[in-house]
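So this one's work04.cif, mmCIF, C-alpha atoms and all ligand atoms:
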```cif
data_coords
loop_
_atom_site.group_PDB
_atom_site.id
_atom_site.type_symbol
_atom_site.label_atom_id
_atom_site.label_comp_id
_atom_site.auth_asym_id
_atom_site.auth_seq_id
_atom_site.Cartn_x
_atom_site.Cartn_y
_atom_site.Cartn_z
ATOM 1 C CA MET A 1 -11.756 41.750 2.384
ATOM 2 C CA ASN A 2 -15.562 41.720 2.284
ATOM 3 C CA ARG A 3 -17.449 38.466 2.008
ATOM 4 C CA GLY A 4 -18.148 38.841 -1.722
ATOM 5 C CA LYS A 5 -14.520 39.552 -2.526
ATOM 6 C CA GLN A 6 -13.433 36.747 -0.239
ATOM 7 C CA LEU A 7 -15.656 34.242 -2.017
ATOM 8 C CA PHE A 8 -14.430 35.494 -5.379
ATOM 9 C CA PHE A 9 -10.824 35.108 -4.210
ATOM 10 C CA VAL A 10 -11.460 31.581 -2.957
ATOM 11 C CA PHE A 11 -13.113 30.754 -6.266
ATOM 12 C CA VAL A 12 -10.209 32.142 -8.303
ATOM 13 C CA VAL A 13 -7.649 30.282 -6.192
ATOM 14 C CA ALA A 14 -9.628 27.031 -6.379
ATOM 15 C CA ALA A 15 -9.983 27.354 -10.142
ATOM 16 C CA ALA A 16 -6.234 27.900 -10.520
ATOM 17 C CA LEU A 17 -5.330 24.815 -8.518
ATOM 18 C CA PRO A 18 -4.684 21.457 -10.143
ATOM 19 C CA ALA A 19 -7.348 18.834 -9.579
ATOM 20 C CA SER A 20 -5.070 17.025 -7.141
ATOM 21 C CA ALA A 21 -4.995 20.041 -4.862
ATOM 22 C CA ARG A 22 -8.758 20.533 -5.072
ATOM 23 C CA ALA A 23 -9.176 16.933 -3.959
ATOM 24 C CA GLN A 24 -7.343 17.881 -0.768
ATOM 25 C CA THR A 25 -10.322 19.859 0.468
ATOM 26 C CA GLY A 26 -12.111 17.925 3.147
ATOM 27 C CA ILE A 27 -8.935 17.433 5.157
ATOM 28 C CA GLN A 28 -9.805 17.236 8.854
ATOM 29 C CA TYR A 29 -6.870 19.270 10.139
ATOM 30 C CA ASP A 30 -8.104 19.225 13.739
ATOM 31 C CA LYS A 31 -7.981 15.412 13.713
ATOM 32 C CA ILE A 32 -4.433 15.137 12.385
ATOM 33 C CA GLU A 33 -1.933 13.806 14.890
ATOM 34 C CA ILE A 34 1.788 13.709 14.236
ATOM 35 C CA LYS A 35 3.551 10.396 14.686
ATOM 36 C CA THR A 36 7.327 10.388 15.193
ATOM 37 C CA ASP A 37 9.570 7.544 14.066
ATOM 38 C CA LYS A 38 13.246 7.410 15.004
ATOM 39 C CA VAL A 39 15.204 6.036 12.038
ATOM 40 C CA ALA A 40 18.769 6.750 13.264
ATOM 41 C CA PRO A 41 20.259 8.055 16.552
ATOM 42 C CA ASN A 42 19.531 11.690 15.579
ATOM 43 C CA LEU A 43 17.184 11.349 12.573
ATOM 44 C CA TYR A 44 13.396 11.268 12.846
ATOM 45 C CA MET A 45 10.457 10.948 10.451
ATOM 46 C CA LEU A 46 7.181 12.727 11.237
ATOM 47 C CA SER A 47 3.927 11.745 9.552
ATOM 48 C CA GLY A 48 0.226 12.555 9.860
ATOM 49 C CA SER A 49 -2.468 10.143 11.005
ATOM 50 C CA GLU A 50 -4.599 7.882 8.810
ATOM 51 C CA GLY A 51 -8.124 8.401 7.574
ATOM 52 C CA VAL A 52 -8.409 12.213 7.877
ATOM 53 C CA ASP A 53 -6.922 13.397 4.558
ATOM 54 C CA PRO A 54 -8.938 12.222 1.512
ATOM 55 C CA GLY A 55 -5.945 12.792 -0.813
ATOM 56 C CA HIS A 56 -3.705 10.712 1.453
ATOM 57 C CA PRO A 57 -5.876 8.247 3.393
ATOM 58 C CA ASP A 58 -2.805 6.283 4.498
ATOM 59 C CA GLY A 59 -1.311 9.253 6.366
ATOM 60 C CA ALA A 60 -2.229 12.953 6.294
ATOM 61 C CA GLY A 61 0.094 15.282 4.400
ATOM 62 C CA GLY A 62 3.684 14.653 3.363
ATOM 63 C CA ARG A 63 6.373 13.130 5.565
ATOM 64 C CA ILE A 64 8.766 15.460 7.420
ATOM 65 C CA GLY A 65 12.394 14.615 8.201
ATOM 66 C CA VAL A 66 14.147 16.046 11.282
ATOM 67 C CA LEU A 67 17.905 15.825 11.875
ATOM 68 C CA ALA A 68 18.546 16.998 15.455
ATOM 69 C CA GLY A 69 21.609 17.706 17.578
ATOM 70 C CA PRO A 70 23.930 20.322 19.031
ATOM 71 C CA ASP A 71 24.357 22.121 15.673
ATOM 72 C CA GLY A 72 20.630 22.813 15.426
ATOM 73 C CA ILE A 73 17.780 21.229 13.503
ATOM 74 C CA PHE A 74 17.691 20.440 9.783
ATOM 75 C CA MET A 75 14.179 19.805 8.430
ATOM 76 C CA VAL A 76 12.909 18.208 5.232
ATOM 77 C CA ASP A 77 9.457 19.509 4.149
ATOM 78 C CA SER A 78 6.905 21.349 6.240
ATOM 79 C CA GLN A 79 3.447 19.720 5.877
ATOM 80 C CA TYR A 80 0.158 21.658 5.832
ATOM 81 C CA LEU A 81 0.061 25.208 7.177
ATOM 82 C CA GLN A 82 -2.943 24.432 9.396
ATOM 83 C CA ILE A 83 -1.051 21.951 11.567
ATOM 84 C CA GLY A 84 2.136 23.986 12.105
ATOM 85 C CA ASP A 85 1.658 24.018 15.887
ATOM 86 C CA LYS A 86 1.376 20.214 15.977
ATOM 87 C CA VAL A 87 4.479 19.754 13.824
ATOM 88 C CA LEU A 88 6.403 22.198 15.988
ATOM 89 C CA ALA A 89 5.277 20.420 19.170
ATOM 90 C CA ALA A 90 6.480 17.097 17.702
ATOM 91 C CA ILE A 91 9.865 18.659 16.849
ATOM 92 C CA ARG A 92 10.128 20.156 20.347
ATOM 93 C CA ARG A 93 9.591 16.714 21.861
ATOM 94 C CA ILE A 94 12.710 15.624 19.940
ATOM 95 C CA ASP A 95 14.930 18.673 20.495
ATOM 96 C CA PRO A 96 14.500 22.215 21.846
ATOM 97 C CA GLY A 97 17.270 23.686 19.670
ATOM 98 C CA PRO A 98 17.011 26.229 16.847
ATOM 99 C CA ILE A 99 15.488 25.117 13.525
ATOM 100 C CA ARG A 100 18.236 26.255 11.156
ATOM 101 C CA PHE A 101 17.455 24.825 7.737
ATOM 102 C CA LEU A 102 14.385 23.580 5.880
ATOM 103 C CA VAL A 103 14.558 22.028 2.409
ATOM 104 C CA ASN A 104 11.532 21.191 0.232
ATOM 105 C CA THR A 105 11.517 17.949 -1.784
ATOM 106 C CA HIS A 106 8.947 19.464 -4.211
ATOM 107 C CA ILE A 107 6.348 22.204 -4.528
ATOM 108 C CA HIS A 108 3.102 20.498 -3.465
ATOM 109 C CA GLY A 109 1.243 22.022 -0.530
ATOM 110 C CA ASP A 110 1.353 18.841 1.555
ATOM 111 C CA HIS A 111 5.156 19.349 1.635
ATOM 112 C CA THR A 112 5.561 23.155 1.554
ATOM 113 C CA ALA A 113 2.460 24.903 2.897
ATOM 114 C CA GLY A 114 3.937 25.104 6.406
ATOM 115 C CA ASN A 115 7.171 26.759 5.198
ATOM 116 C CA ALA A 116 6.394 30.245 6.548
ATOM 117 C CA THR A 117 5.847 28.915 10.075
ATOM 118 C CA PHE A 118 9.404 27.619 10.253
ATOM 119 C CA ALA A 119 10.969 30.511 8.320
ATOM 120 C CA LYS A 120 9.523 32.863 10.951
ATOM 121 C CA LEU A 121 11.230 30.760 13.632
ATOM 122 C CA GLY A 122 14.545 31.426 11.889
ATOM 123 C CA ALA A 123 14.902 28.524 9.456
ATOM 124 C CA VAL A 124 16.646 29.248 6.148
ATOM 125 C CA LEU A 125 14.482 27.793 3.357
ATOM 126 C CA LEU A 126 16.212 25.936 0.518
ATOM 127 C CA ALA A 127 14.869 24.418 -2.682
ATOM 128 C CA ARG A 128 15.394 24.063 -6.393
ATOM 129 C CA GLU A 129 15.165 27.266 -8.415
ATOM 130 C CA GLU A 130 12.255 25.692 -10.348
ATOM 131 C CA LEU A 131 10.327 25.186 -7.109
ATOM 132 C CA ARG A 132 10.663 28.833 -6.135
ATOM 133 C CA GLU A 133 9.657 29.944 -9.635
ATOM 134 C CA GLY A 134 6.616 27.678 -9.436
ATOM 135 C CA MET A 135 5.580 29.174 -6.099
ATOM 136 C CA MET A 136 5.946 32.686 -7.479
ATOM 137 C CA ARG A 137 3.798 31.779 -10.508
ATOM 138 C CA GLN A 138 0.905 30.122 -8.728
ATOM 139 C CA PRO A 139 -1.649 32.047 -6.718
ATOM 140 C CA ALA A 140 -1.311 29.324 -4.074
ATOM 141 C CA THR A 141 -0.130 25.744 -3.859
ATOM 142 C CA THR A 142 -2.410 24.739 -1.026
ATOM 143 C CA THR A 143 -6.086 24.733 -0.281
ATOM 144 C CA THR A 144 -5.713 27.797 1.925
ATOM 145 C CA PRO A 145 -6.016 31.149 0.143
ATOM 146 C CA ALA A 146 -4.538 34.287 1.761
ATOM 147 C CA PRO A 147 -1.934 32.805 4.164
ATOM 148 C CA ALA A 148 -0.575 30.692 1.311
ATOM 149 C CA ARG A 149 0.595 33.959 -0.313
ATOM 150 C CA ASP A 150 2.882 34.738 2.620
ATOM 151 C CA PRO A 151 6.264 35.675 1.076
ATOM 152 C CA ALA A 152 7.966 33.996 4.047
ATOM 153 C CA ARG A 153 7.041 30.654 2.468
ATOM 154 C CA LEU A 154 9.456 31.178 -0.428
ATOM 155 C CA PRO A 155 12.862 29.475 -0.529
ATOM 156 C CA VAL A 156 15.703 31.919 0.224
ATOM 157 C CA VAL A 157 18.564 29.768 -1.078
ATOM 158 C CA THR A 158 18.027 28.023 -4.415
ATOM 159 C CA TYR A 159 20.111 25.644 -6.529
ATOM 160 C CA GLY A 160 19.886 24.000 -9.948
ATOM 161 C CA MET A 161 20.881 20.627 -11.403
ATOM 162 C CA GLY A 162 24.476 19.587 -10.823
ATOM 163 C CA ASP A 163 26.490 18.568 -7.792
ATOM 164 C CA PRO A 164 24.588 17.991 -4.545
ATOM 165 C CA VAL A 165 24.458 20.801 -1.990
ATOM 166 C CA ARG A 166 26.122 19.438 1.177
ATOM 167 C CA PHE A 167 25.543 20.249 4.848
ATOM 168 C CA ARG A 168 27.783 19.065 7.653
ATOM 169 C CA MET A 169 26.010 19.186 10.968
ATOM 170 C CA ASN A 170 25.294 16.997 13.965
ATOM 171 C CA GLY A 171 27.913 14.469 12.851
ATOM 172 C CA GLU A 172 25.974 13.902 9.626
ATOM 173 C CA THR A 173 26.565 14.793 5.999
ATOM 174 C CA VAL A 174 23.302 15.808 4.347
ATOM 175 C CA GLU A 175 23.187 15.938 0.554
ATOM 176 C CA LEU A 176 20.484 17.729 -1.441
ATOM 177 C CA ILE A 177 20.390 15.802 -4.708
ATOM 178 C CA PRO A 178 18.531 17.468 -7.588
ATOM 179 C CA VAL A 179 16.366 15.205 -9.769
ATOM 180 C CA ARG A 180 15.477 16.397 -13.252
ATOM 181 C CA ALA A 181 11.728 16.851 -13.977
ATOM 182 C CA ALA A 182 10.271 13.768 -12.231
ATOM 183 C CA HIS A 183 7.254 14.117 -9.874
ATOM 184 C CA THR A 184 7.528 17.881 -10.510
ATOM 185 C CA GLY A 185 10.041 20.134 -12.261
ATOM 186 C CA GLY A 186 11.869 20.956 -9.021
ATOM 187 C CA ASP A 187 12.388 17.657 -7.176
ATOM 188 C CA THR A 188 15.165 17.096 -4.630
ATOM 189 C CA MET A 189 16.190 13.896 -2.856
ATOM 190 C CA VAL A 190 17.755 14.326 0.575
ATOM 191 C CA ARG A 191 20.441 11.852 1.580
ATOM 192 C CA PHE A 192 21.700 11.390 5.128
ATOM 193 C CA VAL A 193 25.037 9.722 4.414
ATOM 194 C CA ASN A 194 25.931 8.310 7.847
ATOM 195 C CA ALA A 195 22.397 7.192 8.679
ATOM 196 C CA ASP A 196 22.254 5.580 5.193
ATOM 197 C CA VAL A 197 18.822 7.058 4.566
ATOM 198 C CA ILE A 198 17.507 8.849 1.478
ATOM 199 C CA MET A 199 14.247 10.808 1.553
ATOM 200 C CA ILE A 200 13.157 10.442 -2.067
ATOM 201 C CA GLY A 201 10.054 12.636 -2.257
ATOM 202 C CA ASP A 202 7.035 11.602 -4.323
ATOM 203 C CA PHE A 203 8.304 10.212 -7.640
ATOM 204 C CA TYR A 204 7.968 6.799 -6.003
ATOM 205 C CA ARG A 205 4.843 5.951 -4.056
ATOM 206 C CA ASN A 206 3.426 2.754 -2.634
ATOM 207 C CA PHE A 207 -0.136 3.943 -2.130
ATOM 208 C CA GLY A 208 -1.936 4.527 -5.414
ATOM 209 C CA TYR A 209 -0.407 4.631 -8.886
ATOM 210 C CA PRO A 210 2.457 7.041 -9.678
ATOM 211 C CA PHE A 211 1.468 10.686 -9.740
ATOM 212 C CA ILE A 212 3.526 12.765 -12.135
ATOM 213 C CA ASP A 213 2.449 16.384 -11.987
ATOM 214 C CA THR A 214 3.091 17.570 -15.532
ATOM 215 C CA SER A 215 1.332 20.890 -14.800
ATOM 216 C CA ASN A 216 4.189 21.580 -12.360
ATOM 217 C CA GLY A 217 6.960 20.440 -14.719
ATOM 218 C CA GLY A 218 7.052 16.703 -13.913
ATOM 219 C CA SER A 219 7.667 14.135 -16.660
ATOM 220 C CA LEU A 220 7.357 10.402 -17.184
ATOM 221 C CA LYS A 221 10.889 10.179 -18.600
ATOM 222 C CA GLY A 222 12.288 12.149 -15.656
ATOM 223 C CA ALA A 223 10.471 9.951 -13.139
ATOM 224 C CA LEU A 224 11.963 6.818 -14.732
ATOM 225 C CA GLU A 225 15.416 8.443 -14.669
ATOM 226 C CA GLY A 226 14.898 9.391 -11.022
ATOM 227 C CA LEU A 227 14.105 5.768 -10.184
ATOM 228 C CA GLU A 228 17.264 4.581 -11.964
ATOM 229 C CA LEU A 229 19.356 7.202 -10.145
ATOM 230 C CA THR A 230 17.900 6.115 -6.798
ATOM 231 C CA MET A 231 18.710 2.450 -7.442
ATOM 232 C CA LYS A 232 22.264 3.404 -8.418
ATOM 233 C CA MET A 233 22.840 5.628 -5.399
ATOM 234 C CA ALA A 234 21.363 3.282 -2.803
ATOM 235 C CA GLY A 235 23.355 0.461 -1.244
ATOM 236 C CA PRO A 236 21.741 -2.847 -0.244
ATOM 237 C CA ALA A 237 21.019 -1.563 3.298
ATOM 238 C CA THR A 238 20.002 1.990 2.368
ATOM 239 C CA ARG A 239 16.566 2.926 3.670
ATOM 240 C CA LEU A 240 14.598 4.833 1.039
ATOM 241 C CA ILE A 241 11.866 6.959 2.581
ATOM 242 C CA PRO A 242 9.148 8.231 0.226
ATOM 243 C CA GLY A 243 7.093 11.353 0.928
ATOM 244 C CA HIS A 244 4.132 9.070 1.706
ATOM 245 C CA GLY A 245 3.679 5.394 2.549
ATOM 246 C CA THR A 246 6.090 2.798 3.868
ATOM 247 C CA TYR A 247 9.900 2.740 3.772
ATOM 248 C CA ILE A 248 11.529 0.708 1.027
ATOM 249 C CA ASN A 249 14.931 -0.401 -0.201
ATOM 250 C CA ARG A 250 16.371 -0.337 -3.691
ATOM 251 C CA THR A 251 14.990 -3.729 -4.734
ATOM 252 C CA ASP A 252 11.427 -2.475 -4.135
ATOM 253 C CA ILE A 253 11.925 0.002 -6.970
ATOM 254 C CA ILE A 254 12.365 -2.761 -9.569
ATOM 255 C CA PRO A 255 8.718 -3.968 -9.708
ATOM 256 C CA TYR A 256 7.547 -0.349 -9.510
ATOM 257 C CA ARG A 257 9.691 0.676 -12.456
ATOM 258 C CA ASP A 258 8.664 -2.450 -14.380
ATOM 259 C CA MET A 259 4.994 -1.640 -13.771
ATOM 260 C CA ILE A 260 5.511 1.848 -15.220
ATOM 261 C CA LEU A 261 7.354 0.398 -18.221
ATOM 262 C CA GLY A 262 4.620 -2.238 -18.698
ATOM 263 C CA VAL A 263 1.812 0.339 -18.680
ATOM 264 C CA GLN A 264 3.861 2.631 -20.915
ATOM 265 C CA ALA A 265 4.371 -0.158 -23.499
ATOM 266 C CA LYS A 266 0.670 -1.043 -23.487
ATOM 267 C CA VAL A 267 -0.416 2.593 -23.896
ATOM 268 C CA GLN A 268 2.146 3.076 -26.669
ATOM 269 C CA GLN A 269 0.701 0.062 -28.483
ATOM 270 C CA LEU A 270 -2.848 1.437 -28.220
ATOM 271 C CA ILE A 271 -1.717 4.860 -29.438
ATOM 272 C CA ALA A 272 -0.105 3.153 -32.448
ATOM 273 C CA GLN A 273 -3.515 1.588 -33.157
ATOM 274 C CA GLY A 274 -5.019 5.085 -33.237
ATOM 275 C CA LYS A 275 -6.897 4.745 -29.924
ATOM 276 C CA THR A 276 -8.159 7.816 -28.102
ATOM 277 C CA LEU A 277 -7.594 8.534 -24.411
ATOM 278 C CA GLN A 278 -11.157 7.282 -23.739
ATOM 279 C CA ASP A 279 -10.360 3.990 -25.503
ATOM 280 C CA VAL A 280 -7.139 3.617 -23.548
ATOM 281 C CA LEU A 281 -8.870 4.278 -20.212
ATOM 282 C CA ALA A 282 -11.597 1.789 -21.128
ATOM 283 C CA ALA A 283 -8.934 -0.845 -21.874
ATOM 284 C CA LYS A 284 -7.983 -0.922 -18.144
ATOM 285 C CA VAL A 285 -4.306 -1.365 -18.902
ATOM 286 C CA THR A 286 -3.358 -1.361 -15.212
ATOM 287 C CA SER A 287 -5.447 -4.468 -14.449
ATOM 288 C CA PRO A 288 -2.417 -6.837 -14.209
ATOM 289 C CA TYR A 289 -1.078 -4.612 -11.394
ATOM 290 C CA ASP A 290 -4.235 -3.461 -9.590
ATOM 291 C CA ALA A 291 -4.112 -6.188 -6.926
ATOM 292 C CA LYS A 292 -0.551 -5.196 -5.994
ATOM 293 C CA VAL A 293 -1.144 -1.426 -5.805
ATOM 294 C CA PRO A 294 -2.970 -0.462 -2.601
ATOM 295 C CA GLY A 295 -5.269 2.498 -3.205
ATOM 296 C CA GLY A 296 -4.765 2.208 -6.968
ATOM 297 C CA LEU A 297 -8.479 2.171 -7.738
ATOM 298 C CA LEU A 298 -9.443 4.861 -5.227
ATOM 299 C CA PRO A 299 -10.560 8.289 -6.476
ATOM 300 C CA ALA A 300 -7.718 10.751 -7.092
ATOM 301 C CA GLY A 301 -9.344 14.065 -7.948
ATOM 302 C CA ALA A 302 -11.188 15.084 -11.090
ATOM 303 C CA ALA A 303 -9.263 12.633 -13.292
ATOM 304 C CA GLY A 304 -11.064 9.628 -11.718
ATOM 305 C CA THR A 305 -9.146 6.879 -9.951
ATOM 306 C CA SER A 306 -5.433 6.967 -9.260
ATOM 307 C CA ALA A 307 -5.068 4.382 -12.085
ATOM 308 C CA ASP A 308 -6.995 6.640 -14.515
ATOM 309 C CA ARG A 309 -4.894 9.650 -13.565
ATOM 310 C CA PHE A 310 -1.705 7.656 -14.133
ATOM 311 C CA VAL A 311 -2.847 6.219 -17.489
ATOM 312 C CA SER A 312 -4.028 9.666 -18.673
ATOM 313 C CA MET A 313 -0.608 11.095 -17.799
ATOM 314 C CA VAL A 314 1.226 8.283 -19.630
ATOM 315 C CA TYR A 315 -1.040 8.804 -22.667
ATOM 316 C CA SER A 316 -0.459 12.563 -22.824
ATOM 317 C CA GLN A 317 3.293 12.208 -22.279
ATOM 318 C CA LEU A 318 3.591 9.632 -25.078
ATOM 319 C CA LYS A 319 1.309 11.615 -27.383
ATOM 320 C CA GLY A 320 3.309 14.743 -26.654
ATOM 321 C CA SER A 321 6.615 13.088 -27.594
ATOM 322 C CA GLN A 322 5.355 11.788 -30.956
HETATM 323 ZN ZN ZN A 401 3.194 14.551 -1.522
#
```
Go ahead and express the file in the form of structure tokens.
Ligand SMILES: [Zn+2]
Amino acid sequence: MNRGKQLFFVFVVAAALPASARAQTGIQYDKIEIKTDKVAPNLYMLSGSEGVDPGHPDGAGGRIGVLAGPDGIFMVDSQYLQIGDKVLAAIRRIDPGPIRFLVNTHIHGDHTAGNATFAKLGAVLLAREELREGMMRQPATTTTPAPARDPARLPVVTYGMGDPVRFRMNGETVELIPVRAAHTGGDTMVRFVNADVIMIGDFYRNFGYPFIDTSNGGSLKGALEGLELTMKMAGPATRLIPGHGTYINRTDIIPYRDMILGVQAKVQQLIAQGKTLQDVLAAKVTSPYDAKVPGGLLPAGAAGTSADRFVSMVYSQLKGSQ
């Protein structure tokens, strides 16, 4: 590709990306280090370092799960393409065995852009049918143009709503639990039954306000249902591990859900008074919660702050359902 064509391609890809993905430019990939946290005898969480990813200042990219043992490695999510060698090195420090399966919790590039790297090492990629369709539709889901089109990144095995897909390996039962239209249209929670751990993806977050990606099929109603489902599935000791931020348990979801319901009620009230989106944003309806939401008032792409993005989403979802 000549330079002119290349620039045009980059422009077209950038224009097709949601604002959230454009905000990911400026990621200092060379500065990302992978931290490994052992959460059970054979289950590990990998996450990127702080302060080098403007979209995720608390930790670069999305969290990766690694179940290791004699039956081979089962991975959850694949992080950014650009740091594949670092992720692989971190996995190799845990276990030298074959990487057999990789499931994606949702379509966003901070969770899927590295897929091809692991597929080429032999991993079978799994995800919701909606996630694969979304990847086929979009020119790219990451900030990187050409390599993001690699067909090897696409899930090979797909599933819909319904009973969980179960894996039995390394003495663990892993369940892929589909969640209807929450953070995106193709969300999956991954439960490690014996370890009593559930990786819940991004429909819950404890850095910034909730991000529901309606352009990728997410919905406010689905996110609330996903939270209810999580609380019902989790026991008192179950560790819930979001795609970003700190680990939680089921009681932590209550104030989060109540915050969403509180903002939703307030926005609904303003809509009933005939207020425009601009009026609603100016009313600062998240102010009762701002002190308790770290990163809530930080910029989150073209939509303004994370609070503005959240309120705009709530407004459009409520307007749309009228
Ligand atoms: Zn994410």
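Put simply, CA of Lys275 (chain A) is 13.2 Å away from CA of Val311 (chain A).
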Check your understanding: So which residues get picked by the PyMOL selection byres (((chain A and resi 217-221) around 10) and not hetatm) here, written as a VMD selection string?
Key -> chain A and resid 130 to 131 134 180 to 187 203 210 to 216 222 to 226 260 264 310 313 to 314 316 to 318
Please produce an output containing C-alpha atoms for each residue in the selection, written as a PDB file, keeping the file's coordinate frame.
```
ATOM      1  CA  GLU A 130      12.255  25.692 -10.348  1.00  0.00           C
ATOM      2  CA  LEU A 131      10.327  25.186  -7.109  1.00  0.00           C
ATOM      3  CA  GLY A 134       6.616  27.678  -9.436  1.00  0.00           C
ATOM      4  CA  ARG A 180      15.477  16.397 -13.252  1.00  0.00           C
ATOM      5  CA  ALA A 181      11.728  16.851 -13.977  1.00  0.00           C
ATOM      6  CA  ALA A 182      10.271  13.768 -12.231  1.00  0.00           C
ATOM      7  CA  HIS A 183       7.254  14.117  -9.874  1.00  0.00           C
ATOM      8  CA  THR A 184       7.528  17.881 -10.510  1.00  0.00           C
ATOM      9  CA  GLY A 185      10.041  20.134 -12.261  1.00  0.00           C
ATOM     10  CA  GLY A 186      11.869  20.956  -9.021  1.00  0.00           C
ATOM     11  CA  ASP A 187      12.388  17.657  -7.176  1.00  0.00           C
ATOM     12  CA  PHE A 203       8.304  10.212  -7.640  1.00  0.00           C
ATOM     13  CA  PRO A 210       2.457   7.041  -9.678  1.00  0.00           C
ATOM     14  CA  PHE A 211       1.468  10.686  -9.740  1.00  0.00           C
ATOM     15  CA  ILE A 212       3.526  12.765 -12.135  1.00  0.00           C
ATOM     16  CA  ASP A 213       2.449  16.384 -11.987  1.00  0.00           C
ATOM     17  CA  THR A 214       3.091  17.570 -15.532  1.00  0.00           C
ATOM     18  CA  SER A 215       1.332  20.890 -14.800  1.00  0.00           C
ATOM     19  CA  ASN A 216       4.189  21.580 -12.360  1.00  0.00           C
ATOM     20  CA  GLY A 222      12.288  12.149 -15.656  1.00  0.00           C
ATOM     21  CA  ALA A 223      10.471   9.951 -13.139  1.00  0.00           C
ATOM     22  CA  LEU A 224      11.963   6.818 -14.732  1.00  0.00           C
ATOM     23  CA  GLU A 225      15.416   8.443 -14.669  1.00  0.00           C
ATOM     24  CA  GLY A 226      14.898   9.391 -11.022  1.00  0.00           C
ATOM     25  CA  ILE A 260       5.511   1.848 -15.220  1.00  0.00           C
ATOM     26  CA  GLN A 264       3.861   2.631 -20.915  1.00  0.00           C
ATOM     27  CA  PHE A 310      -1.705   7.656 -14.133  1.00  0.00           C
ATOM     28  CA  MET A 313      -0.608  11.095 -17.799  1.00  0.00           C
ATOM     29  CA  VAL A 314       1.226   8.283 -19.630  1.00  0.00           C
ATOM     30  CA  SER A 316      -0.459  12.563 -22.824  1.00  0.00           C
ATOM     31  CA  GLN A 317       3.293  12.208 -22.279  1.00  0.00           C
ATOM     32  CA  LEU A 318       3.591   9.632 -25.078  1.00  0.00           C
TER      33      LEU A 318
END
```
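Minimum atom-to-atom distance to Asn42 (chain A), evaluated using all atoms listed in the file, belongs to A:Glu172 out of A:Glu133, A:Asp77, A:Asp30, A:Glu172.
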Check your understanding: How many Å separate CA of Phe207 (chain A) from CA of Gly243 (chain A)?
Key ->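 A separation of 10.8 Å between them.
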Review point. Which chains and residue numbers are within 8 Å of ligand ZN 401 (chain A), counting all atoms listed in the file, if I want them as a list in words?
Key: Gly61, Gly62, Arg63, His108, Gly109, Asp110, His111, Gly201, Asp202, Gly243 and His244 of chain A
Residues selected by the PyMOL selection byres (((chain A and resi 98) around 9) and not hetatm), written as an mmCIF file with C-alpha atoms, in the coordinates of the input:
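The resulting file, result-v1.cif, is reproduced below:
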```
data_model
loop_
_atom_site.group_PDB
_atom_site.id
_atom_site.type_symbol
_atom_site.label_atom_id
_atom_site.label_comp_id
_atom_site.auth_asym_id
_atom_site.auth_seq_id
_atom_site.Cartn_x
_atom_site.Cartn_y
_atom_site.Cartn_z
ATOM 1 C CA ASP A 71 24.357 22.121 15.673
ATOM 2 C CA GLY A 72 20.630 22.813 15.426
ATOM 3 C CA ILE A 73 17.780 21.229 13.503
ATOM 4 C CA ASP A 95 14.930 18.673 20.495
ATOM 5 C CA PRO A 96 14.500 22.215 21.846
ATOM 6 C CA GLY A 97 17.270 23.686 19.670
ATOM 7 C CA ILE A 99 15.488 25.117 13.525
ATOM 8 C CA ARG A 100 18.236 26.255 11.156
ATOM 9 C CA LEU A 121 11.230 30.760 13.632
ATOM 10 C CA GLY A 122 14.545 31.426 11.889
ATOM 11 C CA ALA A 123 14.902 28.524 9.456
#
```
Review point. Please, what distance in Å, to one decimal, runs between CA of Met45 (chain A) and CA of Val66 (chain A)?
Key: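 Calculated distance between CA of Met45 (chain A) and CA of Val66 (chain A) is 6.3 Å.
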Counting all atoms listed in the file, which residues in region 165-236 of chain A sit no more than 8 Å from region 279-303 of chain A? For each one, give the nearest pair of atoms and the distance in Å, sorted by chain then residue number, as JSON lines.
```
{"residue": "A:Asn206", "atom": "CA", "partner": "A:Val293", "partner_atom": "CA", "distance": 7.0}
{"residue": "A:Phe207", "atom": "CA", "partner": "A:Pro294", "partner_atom": "CA", "distance": 5.3}
{"residue": "A:Gly208", "atom": "CA", "partner": "A:Gly296", "partner_atom": "CA", "distance": 4.0}
{"residue": "A:Tyr209", "atom": "CA", "partner": "A:Gly296", "partner_atom": "CA", "distance": 5.3}
```
Practice item. Report as number ranges by chain the residues that result from applying the PyMOL selection byres (((chain A and resi 129) around 6) and not hetatm) to the structure here. Key: A: 128, 130-132, 158-160
Point to revise | Expected residue set, 6 Å radius at (-0.1, 6.8, -26.3), only C-alpha atoms, as a ChimeraX atom specification | key: /A:267-268,271,315,318-319
So which residues fall inside 8 Å of (7.8, 30.7, -1.0) if we count all atoms listed in the file? Mind giving them as a tab-separated table (two decimals) with C-alpha atoms, keeping the file's coordinate frame?
```
chain	number	residue	atom	x	y	z
A	115	ASN	CA	7.17	26.76	5.20
A	116	ALA	CA	6.39	30.24	6.55
A	132	ARG	CA	10.66	28.83	-6.14
A	135	MET	CA	5.58	29.17	-6.10
A	136	MET	CA	5.95	32.69	-7.48
A	149	ARG	CA	0.60	33.96	-0.31
A	150	ASP	CA	2.88	34.74	2.62
A	151	PRO	CA	6.26	35.67	1.08
A	152	ALA	CA	7.97	34.00	4.05
A	153	ARG	CA	7.04	30.65	2.47
A	154	LEU	CA	9.46	31.18	-0.43
A	155	PRO	CA	12.86	29.48	-0.53
```
Practice item. Do a neighbour search on Thr117 (chain A) at 9 Å with all atoms listed in the file, toss out local chain neighbours closer than 6 positions, and write the hits as a ChimeraX atom specification. Key: /A:78,81,84-85,88,152-153
**Study point:** Of the listed residues A:Lys86, A:Arg239, A:Arg93, A:Arg166, that which approaches Ala40 (chain A) most closely, counting all atoms listed in the file
**Key:**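 Among A:Lys86, A:Arg239, A:Arg93, A:Arg166, it is A:Arg239 that comes nearest to Ala40 (chain A).
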